[in-house]
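What follows is the content of my_file_37.txt (compact mmCIF, C-alpha atoms).
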# COMPACT_ATOMS: atom_id res chain seq x y z
CA MET A 1 0.00 0.00 0.00
CA VAL A 2 1.24 3.47 -0.77
CA VAL A 3 2.35 4.97 2.51
CA LEU A 4 1.86 8.72 2.78
CA VAL A 5 4.67 10.17 4.78
CA THR A 6 3.15 12.51 7.34
CA MET A 7 6.34 14.46 7.85
CA LEU A 8 6.32 15.93 4.32
CA SER A 9 6.75 19.66 4.27
CA ARG A 10 3.78 21.89 3.59
CA ALA A 11 5.45 23.01 0.38
CA TYR A 12 5.47 19.46 -0.93
CA LYS A 13 1.83 18.99 -0.08
CA LYS A 14 0.99 22.22 -1.89
CA LEU A 15 2.42 20.91 -5.13
CA HIS A 16 2.10 17.17 -5.12
CA GLY A 17 -1.22 16.16 -3.61
CA ARG A 18 -2.11 13.85 -6.47
CA ARG A 19 -3.61 10.40 -6.89
CA ARG A 20 -3.70 9.35 -3.25
CA ARG A 21 -6.35 6.83 -4.02
CA ARG A 22 -8.37 5.21 -1.30
CA ARG A 23 -8.23 1.57 -2.25
CA SER A 24 -6.47 -1.58 -1.26
CA TYR A 25 -3.12 -2.41 -2.76
CA THR A 26 -2.94 -5.59 -4.79
CA PRO A 27 0.55 -6.72 -5.87
CA VAL A 28 0.85 -6.97 -9.62
CA ALA A 29 3.42 -8.19 -12.11
CA SER A 30 6.79 -6.51 -12.31
CA ALA A 31 7.90 -4.58 -15.37
CA SER A 32 10.18 -7.39 -16.49
CA SER A 33 7.44 -10.00 -16.18
CA ARG A 34 5.06 -7.76 -18.13
CA THR A 35 7.55 -7.68 -20.99
CA GLN A 36 7.55 -11.47 -21.02
CA GLN A 37 3.75 -11.54 -20.92
CA ARG A 38 3.53 -9.20 -23.89
CA GLU A 39 5.91 -11.29 -25.94
CA THR A 40 3.93 -14.41 -25.07
CA ARG A 41 0.64 -12.71 -25.79
CA HIS A 42 1.69 -11.78 -29.30
CA GLY A 43 3.39 -15.04 -30.09
CA GLU A 44 6.85 -13.96 -31.23
CA ASP A 45 9.63 -11.73 -29.99
CA SER A 46 9.89 -10.04 -33.37
CA TYR A 47 6.95 -9.95 -35.71
CA TYR A 48 5.14 -8.11 -38.44
CA THR A 49 1.56 -9.26 -38.80
CA GLU A 50 -0.97 -7.76 -41.15
CA HIS A 51 -4.72 -8.09 -40.66
CA ASP A 52 -7.45 -5.84 -42.04
CA GLY A 53 -4.90 -3.12 -42.74
CA ASN A 54 -3.60 -3.19 -39.18
CA TYR A 55 -0.21 -4.44 -38.07
CA ASP A 56 1.86 -4.91 -34.97
CA GLU A 57 5.56 -4.24 -35.26
CA ASP A 58 8.02 -4.87 -32.46
CA MET A 59 10.97 -2.56 -33.07
CA ASP A 60 12.87 -3.31 -29.88
CA THR A 61 14.33 -6.48 -31.33
CA ASN A 62 15.19 -4.96 -34.70
CA LYS A 63 18.88 -4.22 -35.14
CA GLY A 64 19.54 -0.56 -34.66
CA ALA A 65 16.03 0.20 -33.46
CA LEU A 66 17.34 2.28 -30.58
CA ASP A 67 20.26 3.84 -32.42
CA SER A 68 19.93 7.45 -31.31
CA SER A 69 22.40 8.58 -33.95
CA THR A 70 19.81 8.17 -36.72
CA ALA A 71 19.51 11.52 -38.51
CA ALA A 72 15.78 11.49 -39.20
CA PRO A 73 13.32 10.27 -36.56
CA ASN A 74 11.18 7.22 -37.21
CA PHE A 75 8.26 8.74 -35.31
CA THR A 76 7.23 12.11 -33.95
CA MET A 77 4.71 12.91 -31.25
CA PRO A 78 2.94 16.20 -31.97
CA SER A 79 2.22 18.81 -29.36
CA GLU A 80 -1.12 18.59 -27.58
CA GLU A 81 -1.96 22.02 -29.02
CA GLU A 82 -1.87 20.74 -32.61
CA ARG A 83 -5.20 19.93 -34.24
CA HIS A 84 -7.02 16.86 -32.96
CA GLU A 85 -9.29 14.39 -34.63
CA GLY A 86 -10.71 13.83 -31.18
CA THR A 87 -10.23 13.30 -27.46
CA TRP A 88 -10.46 9.99 -25.60
CA LEU A 89 -12.17 9.57 -22.23
CA GLN A 90 -12.64 6.51 -20.03
CA TRP A 91 -16.07 6.94 -18.48
CA PRO A 92 -16.26 6.26 -14.72
CA HIS A 93 -18.11 3.12 -13.71
CA THR A 94 -18.97 0.98 -10.69
CA TYR A 95 -17.76 -2.40 -11.95
CA GLY A 96 -14.41 -2.40 -10.14
CA TRP A 97 -13.01 -0.99 -6.92
CA ASP A 98 -14.85 2.27 -7.69
CA ARG A 99 -18.15 0.73 -6.63
CA HIS A 100 -17.16 1.47 -3.03
CA ARG A 101 -16.62 5.19 -3.59
CA ASN A 102 -19.87 6.55 -5.08
CA VAL A 103 -17.82 7.28 -8.16
CA LEU A 104 -20.74 8.02 -10.47
CA GLN A 105 -22.28 10.53 -8.11
CA ARG A 106 -18.90 12.20 -7.59
CA TYR A 107 -17.39 12.05 -11.08
CA GLU A 108 -20.05 11.80 -13.76
CA LYS A 109 -20.91 15.48 -14.05
CA ILE A 110 -17.23 16.17 -14.75
CA TRP A 111 -17.28 13.78 -17.70
CA ILE A 112 -20.53 15.26 -18.98
CA ASP A 113 -19.07 18.78 -18.76
CA MET A 114 -15.87 17.73 -20.56
CA THR A 115 -17.86 16.04 -23.33
CA ARG A 116 -20.10 19.07 -23.76
CA ALA A 117 -17.14 21.46 -23.90
CA LEU A 118 -15.08 19.38 -26.34
CA HIS A 119 -17.63 17.97 -28.78
CA THR A 120 -18.26 21.15 -30.78
CA GLY A 121 -14.62 21.31 -31.85
CA GLU A 122 -13.64 17.66 -32.24
CA ARG A 123 -14.92 14.15 -31.83
CA VAL A 124 -15.17 12.72 -28.35
CA HIS A 125 -14.26 9.03 -28.03
CA ILE A 126 -15.89 7.61 -24.92
CA ILE A 127 -14.74 4.24 -23.59
CA VAL A 128 -17.49 2.46 -21.65
CA TYR A 129 -17.22 -0.73 -19.66
CA ASN A 130 -20.00 -2.71 -21.36
CA GLN A 131 -23.15 -2.41 -23.46
CA ARG A 132 -25.25 -1.59 -20.44
CA GLN A 133 -23.08 1.40 -19.60
CA LEU A 134 -23.08 2.46 -23.24
CA ARG A 135 -26.87 2.69 -23.25
CA ARG A 136 -26.85 4.57 -19.97
CA VAL A 137 -24.20 7.13 -20.97
CA ARG A 138 -25.78 7.69 -24.36
CA ARG A 139 -29.13 8.33 -22.71
CA ILE A 140 -27.56 10.81 -20.28
CA LEU A 141 -25.81 12.75 -23.05
CA LEU A 142 -28.94 12.89 -25.20
CA LYS A 143 -30.77 14.53 -22.31
CA GLU A 144 -28.00 16.99 -21.51
CA GLN A 145 -28.82 20.62 -22.23
CA ASP A 146 -26.32 23.37 -22.86
CA THR A 147 -27.51 26.14 -20.56
CA THR A 148 -25.03 28.61 -22.07
CA THR A 149 -27.48 29.29 -24.92
CA GLY A 150 -29.62 31.25 -22.46
CA GLY A 151 -32.98 32.85 -23.16
CA GLY A 152 -34.78 29.53 -22.96
CA GLY A 153 -32.72 28.09 -25.79
CA ARG A 154 -31.96 24.39 -25.51
CA MET A 155 -29.06 22.87 -27.39
CA ILE A 156 -28.73 19.11 -26.97
CA ILE A 157 -25.27 17.57 -27.24
CA ASP A 158 -24.74 16.50 -30.84
CA ILE A 159 -24.50 12.75 -30.34
CA SER A 160 -23.14 12.36 -33.88
CA GLN A 161 -19.90 13.89 -32.55
CA ILE A 162 -19.57 11.13 -29.95
CA ASP A 163 -18.06 7.70 -30.57
CA PHE A 164 -18.61 4.92 -28.04
CA TRP A 165 -16.12 2.10 -27.58
CA VAL A 166 -16.92 -0.87 -25.36
CA TYR A 167 -13.75 -1.93 -23.54
CA PRO A 168 -13.55 -2.96 -19.88
CA THR A 169 -11.34 -0.63 -17.84
CA ASP A 170 -9.93 -0.62 -14.34
CA ASP A 171 -9.95 3.14 -13.88
CA VAL A 172 -10.48 6.56 -15.48
CA TRP A 173 -6.90 7.80 -16.00
CA VAL A 174 -6.68 7.37 -19.80
CA ARG A 175 -3.74 9.78 -20.00
CA ASP A 176 -1.54 7.16 -18.37
CA ASN A 177 -2.82 3.86 -19.77
CA GLY A 178 -4.31 4.94 -23.09
CA PRO A 179 -2.94 4.95 -26.64
CA LEU A 180 -0.13 7.30 -27.59
CA PHE A 181 -0.75 8.59 -31.12
CA VAL A 182 2.33 9.49 -33.16
CA TYR A 183 3.26 9.98 -36.80
CA ASP A 184 5.26 7.25 -38.55
CA HIS A 185 7.83 8.60 -41.02
CA ARG A 186 9.40 5.29 -42.07
CA ARG A 187 7.12 4.76 -45.06
CA ASN A 188 7.19 8.37 -46.25
CA ASP A 189 3.49 8.87 -45.58
CA ASP A 190 3.43 10.23 -42.01
CA LYS A 191 0.77 7.68 -41.15
CA LEU A 192 -0.82 7.98 -37.72
CA VAL A 193 0.00 4.97 -35.56
CA VAL A 194 -0.75 3.85 -32.02
CA GLN A 195 2.20 3.29 -29.71
CA ASP A 196 1.53 0.85 -26.89
CA TRP A 197 3.99 1.65 -24.13
CA MET A 198 3.93 -0.69 -21.17
CA PHE A 199 1.69 0.18 -18.23
CA ASN A 200 2.05 -1.52 -14.84
CA GLY A 201 -0.32 0.33 -12.56
CA TRP A 202 2.17 3.07 -11.59
CA GLY A 203 4.78 0.62 -10.43
CA GLY A 204 2.49 -2.10 -9.11
CA LYS A 205 0.28 0.14 -6.98
CA ALA A 206 -3.03 -0.58 -8.70
CA GLU A 207 -4.82 -3.18 -10.79
CA TYR A 208 -4.25 -2.64 -14.51
CA ASN A 209 -5.05 -5.78 -16.51
CA TYR A 210 -7.95 -4.12 -18.35
CA ASP A 211 -6.29 -0.72 -18.65
CA ASP A 212 -3.20 -2.25 -20.24
CA THR A 213 -5.30 -3.57 -23.14
CA ILE A 214 -6.75 -0.20 -24.17
CA PRO A 215 -4.04 0.77 -26.72
CA THR A 216 -4.33 -2.64 -28.41
CA ASN A 217 -8.12 -2.37 -28.60
CA VAL A 218 -8.02 1.18 -29.93
CA ALA A 219 -5.45 0.38 -32.63
CA ARG A 220 -7.43 -2.66 -33.74
CA ASP A 221 -10.77 -0.90 -33.96
CA LEU A 222 -9.41 2.24 -35.62
CA GLY A 223 -7.49 0.12 -38.13
CA LEU A 224 -4.23 1.82 -37.17
CA PRO A 225 -0.82 0.17 -36.90
CA ARG A 226 0.11 -0.69 -33.34
CA ILE A 227 3.72 -0.28 -32.22
CA PRO A 228 4.48 -2.05 -28.92
CA VAL A 229 7.22 -0.39 -26.90
CA HIS A 230 8.91 -2.45 -24.19
CA MET A 231 9.35 0.35 -21.70
CA VAL A 232 6.95 1.32 -18.92
CA ASN A 233 5.84 4.89 -19.54
CA GLU A 234 2.65 6.72 -18.58
CA GLY A 235 1.37 9.56 -20.73
CA GLY A 236 1.31 11.93 -17.76
CA SER A 237 5.00 11.34 -17.12
CA ILE A 238 6.12 13.05 -20.35
CA GLU A 239 5.52 16.45 -21.90
CA VAL A 240 6.57 17.18 -25.50
CA ASP A 241 6.53 20.47 -27.36
CA GLY A 242 6.27 18.90 -30.84
CA ARG A 243 9.51 20.62 -31.84
CA GLY A 244 12.04 18.16 -30.46
CA THR A 245 11.99 18.80 -26.70
CA LEU A 246 10.73 16.44 -23.99
CA MET A 247 10.25 17.28 -20.33
CA ALA A 248 9.99 14.56 -17.65
CA LYS A 249 10.79 13.63 -14.06
CA LYS A 250 13.31 10.98 -13.12
CA SER A 251 11.17 9.87 -10.18
CA SER A 252 8.58 8.25 -12.44
CA ILE A 253 10.51 7.40 -15.61
CA LEU A 254 13.62 5.96 -13.95
CA ASN A 255 11.91 4.49 -10.91
CA PRO A 256 12.86 0.83 -10.30
CA ASN A 257 9.17 0.04 -9.88
CA ARG A 258 8.70 0.91 -13.57
CA ASN A 259 11.87 0.00 -15.43
CA PRO A 260 14.44 -1.83 -13.27
CA GLY A 261 17.96 -1.12 -14.50
CA LEU A 262 16.91 1.51 -17.04
CA SER A 263 19.38 4.39 -17.15
CA GLN A 264 18.64 7.95 -18.15
CA ALA A 265 20.59 7.37 -21.37
CA ASP A 266 18.48 4.28 -22.09
CA ALA A 267 15.26 6.23 -21.55
CA GLU A 268 16.45 9.02 -23.81
CA ASP A 269 17.22 6.50 -26.55
CA TYR A 270 13.65 5.18 -26.32
CA PHE A 271 12.23 8.69 -26.48
CA ARG A 272 14.42 9.66 -29.42
CA THR A 273 13.40 6.54 -31.32
CA TYR A 274 9.68 6.52 -30.59
CA LEU A 275 8.78 10.18 -30.00
CA GLY A 276 11.23 11.94 -32.30
CA VAL A 277 12.71 14.20 -29.62
CA SER A 278 16.33 15.29 -29.45
CA HIS A 279 16.50 17.50 -26.37
CA PHE A 280 15.57 16.72 -22.76
CA ILE A 281 14.62 18.69 -19.67
CA TRP A 282 14.84 16.45 -16.61
CA LEU A 283 13.51 17.29 -13.15
CA GLU A 284 14.40 15.07 -10.22
CA GLY A 285 10.86 14.60 -8.94
CA GLN A 286 9.90 12.90 -5.70
CA MET A 287 9.95 9.15 -5.04
CA ILE A 288 9.77 8.89 -1.25
CA GLY A 289 6.28 9.71 0.01
CA ALA A 290 5.07 10.92 -3.38
CA ASP A 291 1.66 10.34 -4.91
CA ILE A 292 0.83 7.08 -6.69
CA THR A 293 2.39 8.36 -9.95
CA ASP A 294 5.73 9.11 -8.29
CA ASP A 295 5.37 12.75 -9.29
CA HIS A 296 4.30 13.13 -12.92
CA ILE A 297 5.46 16.14 -14.90
CA ASP A 298 1.91 17.13 -15.94
CA GLY A 299 1.25 18.29 -12.38
CA THR A 300 4.24 20.63 -12.43
CA ALA A 301 5.06 22.07 -15.86
CA ARG A 302 3.60 22.18 -19.37
CA PHE A 303 4.77 23.39 -22.76
CA ALA A 304 2.44 25.90 -24.37
CA GLY A 305 1.82 27.98 -27.41
CA SER A 306 2.58 25.96 -30.56
CA GLU A 307 -0.53 27.32 -32.33
CA ASP A 308 -1.67 30.22 -30.16
CA ASN A 309 1.65 31.91 -29.61
CA ASP A 310 2.51 33.88 -32.74
CA ASP A 311 6.10 34.26 -31.54
CA ILE A 312 6.70 30.63 -30.58
CA GLU A 313 9.89 30.51 -32.66
CA ASN A 314 11.53 33.13 -30.48
CA ASN A 315 9.58 32.88 -27.25
CA PRO A 316 8.63 29.31 -26.28
CA ILE A 317 6.58 28.96 -23.10
CA ILE A 318 6.54 26.69 -20.07
CA VAL A 319 3.47 27.00 -17.85
CA THR A 320 4.34 26.12 -14.27
CA MET A 321 3.97 27.48 -10.72
CA ALA A 322 5.78 29.93 -8.51
CA ARG A 323 9.17 28.91 -7.14
CA ASP A 324 7.82 28.93 -3.59
CA ASP A 325 5.37 26.15 -4.52
CA PHE A 326 8.16 23.67 -5.25
CA LEU A 327 9.37 21.37 -2.50
CA HIS A 328 12.77 21.52 -4.19
CA PRO A 329 13.31 25.03 -5.61
CA SER A 330 16.15 23.59 -7.67
CA GLU A 331 13.50 22.10 -9.99
CA TYR A 332 12.16 25.57 -10.70
CA ASP A 333 15.71 26.72 -11.33
CA VAL A 334 16.12 23.97 -13.94
CA LEU A 335 13.03 25.26 -15.74
CA LYS A 336 14.28 28.83 -15.47
CA GLN A 337 17.53 27.87 -17.20
CA ALA A 338 15.98 25.48 -19.72
CA VAL A 339 16.21 25.93 -23.47
CA ASN A 340 14.39 24.14 -26.27
CA ALA A 341 15.85 21.99 -29.04
CA GLU A 342 16.75 25.14 -30.99
CA GLY A 343 18.60 26.52 -27.97
CA ARG A 344 16.04 29.22 -27.21
CA PRO A 345 15.16 29.93 -23.57
CA PHE A 346 11.63 29.45 -22.30
CA ARG A 347 9.43 32.15 -20.86
CA LEU A 348 7.89 30.87 -17.63
CA VAL A 349 4.20 31.56 -17.01
CA HIS A 350 3.14 31.05 -13.40
CA LEU A 351 -0.23 29.65 -12.42
CA PRO A 352 -1.41 29.92 -8.82
CA ILE A 353 -2.48 27.10 -6.56
CA THR A 354 -5.67 27.26 -4.54
CA LYS A 355 -5.74 29.16 -1.28
CA LYS A 356 -7.85 26.49 0.41
CA LEU A 357 -7.26 22.77 0.72
CA ILE A 358 -8.99 20.47 -1.73
CA GLY A 359 -9.20 17.37 0.39
CA LYS A 360 -5.76 17.30 2.01
CA ASP A 361 -3.89 19.57 -0.38
CA PRO A 362 -4.26 22.81 -2.33
CA GLY A 363 -5.51 22.33 -5.88
CA ILE A 364 -3.36 22.85 -8.98
CA TYR A 365 -4.38 24.45 -12.28
CA VAL A 366 -1.42 23.33 -14.39
CA ASN A 367 -3.13 19.99 -15.05
CA TYR A 368 -5.32 21.53 -17.77
CA TYR A 369 -6.12 19.99 -21.17
CA VAL A 370 -5.91 21.72 -24.55
CA GLY A 371 -8.64 20.82 -27.06
CA ASN A 372 -9.15 22.19 -30.56
CA GLU A 373 -11.39 25.04 -29.47
CA VAL A 374 -11.27 24.95 -25.68
CA VAL A 375 -8.85 24.62 -22.80
CA LEU A 376 -10.34 22.56 -19.98
CA VAL A 377 -9.17 24.03 -16.68
CA PRO A 378 -9.82 22.42 -13.29
CA MET A 379 -11.85 24.64 -10.96
CA TYR A 380 -12.08 24.31 -7.20
CA ASP A 381 -14.58 26.94 -5.99
CA ASP A 382 -11.55 28.91 -4.87
CA GLU A 383 -10.73 32.60 -5.06
CA ASN A 384 -7.75 31.82 -7.31
CA ASP A 385 -9.93 30.13 -9.96
CA ALA A 386 -10.51 33.42 -11.80
CA GLU A 387 -6.80 34.27 -11.81
CA ALA A 388 -5.92 30.90 -13.33
CA LEU A 389 -8.52 31.41 -16.08
CA ARG A 390 -7.19 34.89 -16.81
CA ILE A 391 -3.59 33.71 -17.10
CA LEU A 392 -4.47 30.83 -19.41
CA ALA A 393 -6.59 33.16 -21.57
CA ASP A 394 -3.40 35.11 -22.25
CA VAL A 395 -1.51 31.92 -23.09
CA TYR A 396 -4.27 30.58 -25.38
CA PRO A 397 -5.94 33.68 -26.85
CA HIS A 398 -7.60 31.80 -29.71
CA ARG A 399 -9.30 29.17 -27.55
CA LYS A 400 -12.18 29.34 -25.11
CA ILE A 401 -10.95 28.87 -21.55
CA GLN A 402 -13.50 26.53 -19.99
CA GLY A 403 -13.41 26.00 -16.27
CA ILE A 404 -14.84 22.72 -14.98
CA ASN A 405 -15.37 21.95 -11.32
CA MET A 406 -13.06 19.05 -10.53
CA VAL A 407 -13.03 19.10 -6.75
CA GLU A 408 -14.18 15.50 -6.40
CA LEU A 409 -11.73 14.19 -9.01
CA TYR A 410 -8.83 16.09 -7.49
CA LYS A 411 -9.55 14.64 -4.07
CA ASP A 412 -8.68 11.29 -5.65
CA GLY A 413 -5.55 12.59 -7.29
CA GLY A 414 -6.03 14.06 -10.73
CA ALA A 415 -7.61 16.71 -12.92
CA ALA A 416 -8.40 17.43 -16.58
CA HIS A 417 -5.13 16.35 -18.16
CA CYS A 418 -5.05 13.05 -16.26
CA VAL A 419 -8.37 11.87 -17.71
CA THR A 420 -8.01 12.95 -21.36
CA MET A 421 -5.90 11.78 -24.30
CA GLN A 422 -5.69 13.57 -27.63
CA GLN A 423 -5.84 11.86 -31.02
CA PRO A 424 -4.10 14.07 -33.61
CA LEU A 425 -5.45 14.55 -37.11
CA GLY A 426 -4.12 12.08 -39.65
CA ARG A 427 -1.74 13.41 -42.27
CA SER A 428 -2.41 10.93 -45.04
What's the structure tokens form of this structure?
Amino acid sequence: MVVLVTMLSRAYKKLHGRRRRRRSYTPVASASSRTQQRETRHGEDSYYTEHDGNYDEDMDTNKGALDSSTAAPNFTMPSEEERHEGTWLQWPHTYGWDRHRNVLQRYEKIWIDMTRALHTGERVHIIVYNQRQLRRVRRILLKEQDTTTGGGGRMIIDISQIDFWVYPTDDVWVRDNGPLFVYDHRRNDDKLVVQDWMFNGWGGKAEYNYDDTIPTNVARDLGLPRIPVHMVNEGGSIEVDGRGTLMAKKSSILNPNRNPGLSQADAEDYFRTYLGVSHFIWLEGQMIGADITDDHIDGTARFAGSEDNDDIENNPIIVTMARDDFLHPSEYDVLKQAVNAEGRPFRLVHLPITKKLIGKDPGIYVNYYVGNEVVLVPMYDDENDAEALRILADVYPHRKIQGINMVELYKDGGAAHCVTMQQPLGRS
């Protein structure tokens, strides 16, 4: 069971009160055993199988697959701010451990609000546990009214913008267990593919057997190539700017509970090969007494501005918090001195944290999500909510800044970015 160290400083609590989930701890397979399970599951260590236009390709065993000296990247992961085909959500349900926590009463309005805000600018892909939940969620969305029309107007959610996918899940945190969509440059067509990085329940802290199948299911049903990657990596543990720079924390990426024996150089080789990055910004993070994620980067710092910032070439942005809100101010200093892949320094934009406690800790605003037309920002009924919205409106002037009350979700350790995953537009 994750033990919360009561002697943590107040500064740490202010920044890192995330995913302290109230559930029993069930030991799960180690990272090395999961690699073996994957190889067994797919039959061969190295394979290329075609079926209905879909294929699985295991690059890790191909000679030179992780040769970081390759001039042109095999894959690139675009920035979250680039245009989406849609956004993926895993709808909360009561079929697992969540049945003990009144999860529908506490969470469901958040998912409804996210769907309503996103669906006018992109498709919303909703993963439901079974056919029964599909019927229920569809019925709820059909009845939902957009009160922003005012004057008695009633605009029902356009259900034609919603896709439902029936896959069992363990949890709602699709950012960490879901598909990672990247562009494949090896065939000169920039085809969109699904990368399936390993997921082990944040280092064996939670059940994940269903969640670990989501990328495979998505690739199959979208008819996209699936690229298995034999490294444990959650989506919330990395931040890319789409221009060659990746930001991450050692505490989650290099943690022995994820990838035993993996060095920083090894991790960078994986990221170069599979995400097309060439420059890295590493923060130390917090392992001892941290949240269940071991301190993901998306709760601390975000790249911003690839579409909205007209001067992105000369003035790249990192959205973060004030130096006083870091347990280790040296992490802020790293961001202050950071440059991007072109060697240009970042301008730091500071978001506040809440003045009041949300559960046991102040709430954070940096865990926002950027859609095509909106930015979903966690709200906490706090006096700093308005300031966070104002700051992000300056960062994203061409998008609607949509606050969504996420008090109940944050009490369990996450916010908007943790429960969303973007699917970029295809290029071919």
Self-check item: Which residue of A:Leu376, A:Met287, A:Ile227, A:Leu192 approaches Pro256 (chain A) most closely, using only C-alpha atoms
Solution: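 Result for the nearest residue to Pro256 (chain A): A:Met287.
The nearest approach to Arg226 (chain A) among the residues A:Lys336, A:Arg101, A:Lys249, A:Lys191, with all atoms listed in the file taken into account, belongs to A:Lys191.
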Exercise. Just give me the residues with any atom within 10 Å of (3.0, 13.8, -15.6), file coordinates, counting only C-alpha atoms, written as a VMD selection string.
Key: chain A and resid 175 to 176 234 to 239 247 to 249 252 to 253 293 to 302 367 417 to 418
Quiz prompt | 10 Å contact set for Met321 (chain A), all atoms listed in the file, chain neighbours under 3 positions out, as a ChimeraX atom specification | solution = /A:15,299-301,318,324-326,332,348-353,364-366
Same residues, C-alpha atoms, saved as a CSV table (one decimal), in the frame of the given file:
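The file below, again-v4.csv, is the result:
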chain,number,residue,atom,x,y,z
A,15,LEU,CA,2.4,20.9,-5.1
A,299,GLY,CA,1.2,18.3,-12.4
A,300,THR,CA,4.2,20.6,-12.4
A,301,ALA,CA,5.1,22.1,-15.9
A,318,ILE,CA,6.5,26.7,-20.1
A,324,ASP,CA,7.8,28.9,-3.6
A,325,ASP,CA,5.4,26.2,-4.5
A,326,PHE,CA,8.2,23.7,-5.2
A,332,TYR,CA,12.2,25.6,-10.7
A,348,LEU,CA,7.9,30.9,-17.6
A,349,VAL,CA,4.2,31.6,-17.0
A,350,HIS,CA,3.1,31.0,-13.4
A,351,LEU,CA,-0.2,29.6,-12.4
A,352,PRO,CA,-1.4,29.9,-8.8
A,353,ILE,CA,-2.5,27.1,-6.6
A,364,ILE,CA,-3.4,22.8,-9.0
A,365,TYR,CA,-4.4,24.4,-12.3
A,366,VAL,CA,-1.4,23.3,-14.4
Exercise. Do a neighbour search on Trp173 (chain A) at 12 Å with all atoms listed in the file, toss out local chain neighbours closer than 6 positions, and write the hits as number ranges by chain.
Key: A: 19, 88-92, 127, 179, 199, 201-202, 206, 208, 211-212, 214, 234-236, 293, 409, 412-421
Exercise. Choose the residue, out of A:Gly96, A:Gly403, A:Gly343, A:Gly285, that has the smallest atom-to-atom separation from Gly244 (chain A); count all atoms listed in the file.
Key: A:Gly343
Quiz prompt | Answer as a count of residues only, residues within 6 Å of (6.0, 7.2, -30.8) using only C-alpha atoms | solution = 7
Quiz item: What is the distance, in Å and to one decimal place, between CA of Tyr183 (chain A) and CA of Thr87 (chain A)?
Solution: 16.7 Å
Exercise. Find, counting only C-alpha atoms, the residue in A:Phe164, A:Glu387, A:Gln422, A:Ile156 that gets nearest to Tyr369 (chain A).
Key: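 Nearest candidate to Tyr369 (chain A) out of A:Phe164, A:Glu387, A:Gln422, A:Ile156: A:Gln422.
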Exercise. Pick out the closest residue to Pro260 (chain A) from this set: A:Val370, A:Ala386, A:Val232, A:Leu335. Count all atoms listed in the file.
Key: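 Residue with the minimum atom-to-atom distance to Pro260 (chain A): A:Val232.
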Self-check item: Near-Lys143 (chain A) list (12 Å; all atoms listed in the file; drop same-chain fewer than 4 positions) as a PyMOL selection string
Solution: chain A and resi 112+116+136-139+154-159
Self-check item: Among listed residues A:Asp361, A:Glu144, A:Glu85, A:Glu122, nearest Tyr410 (chain A) (using only C-alpha atoms)
Solution: A:Asp361
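With CA of Gly426 (chain A) on one side and CA of Arg123 (chain A) on the other, the separation reads 13.5 Å.
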Quiz prompt | One-decimal distance in Å that lies between CA of Asp291 (chain A) and CA of Gln105 (chain A) | solution =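 So the two atoms, CA of Gln105 (chain A) and CA of Asp291 (chain A), lie 24.2 Å apart.
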Non-local contacts of Glu408 (chain A) (9 Å; all atoms listed in the file; under 5 positions in same chain excluded) as a PDB file with C-alpha atoms, keeping the file's coordinate frame:
ATOM      1  CA  ARG A 106     -18.900  12.200  -7.590  1.00  0.00           C
ATOM      2  CA  TYR A 107     -17.390  12.050 -11.080  1.00  0.00           C
ATOM      3  CA  ILE A 110     -17.230  16.170 -14.750  1.00  0.00           C
ATOM      4  CA  ILE A 358      -8.990  20.470  -1.730  1.00  0.00           C
ATOM      5  CA  GLY A 359      -9.200  17.370   0.390  1.00  0.00           C
TER       6      GLY A 359
END
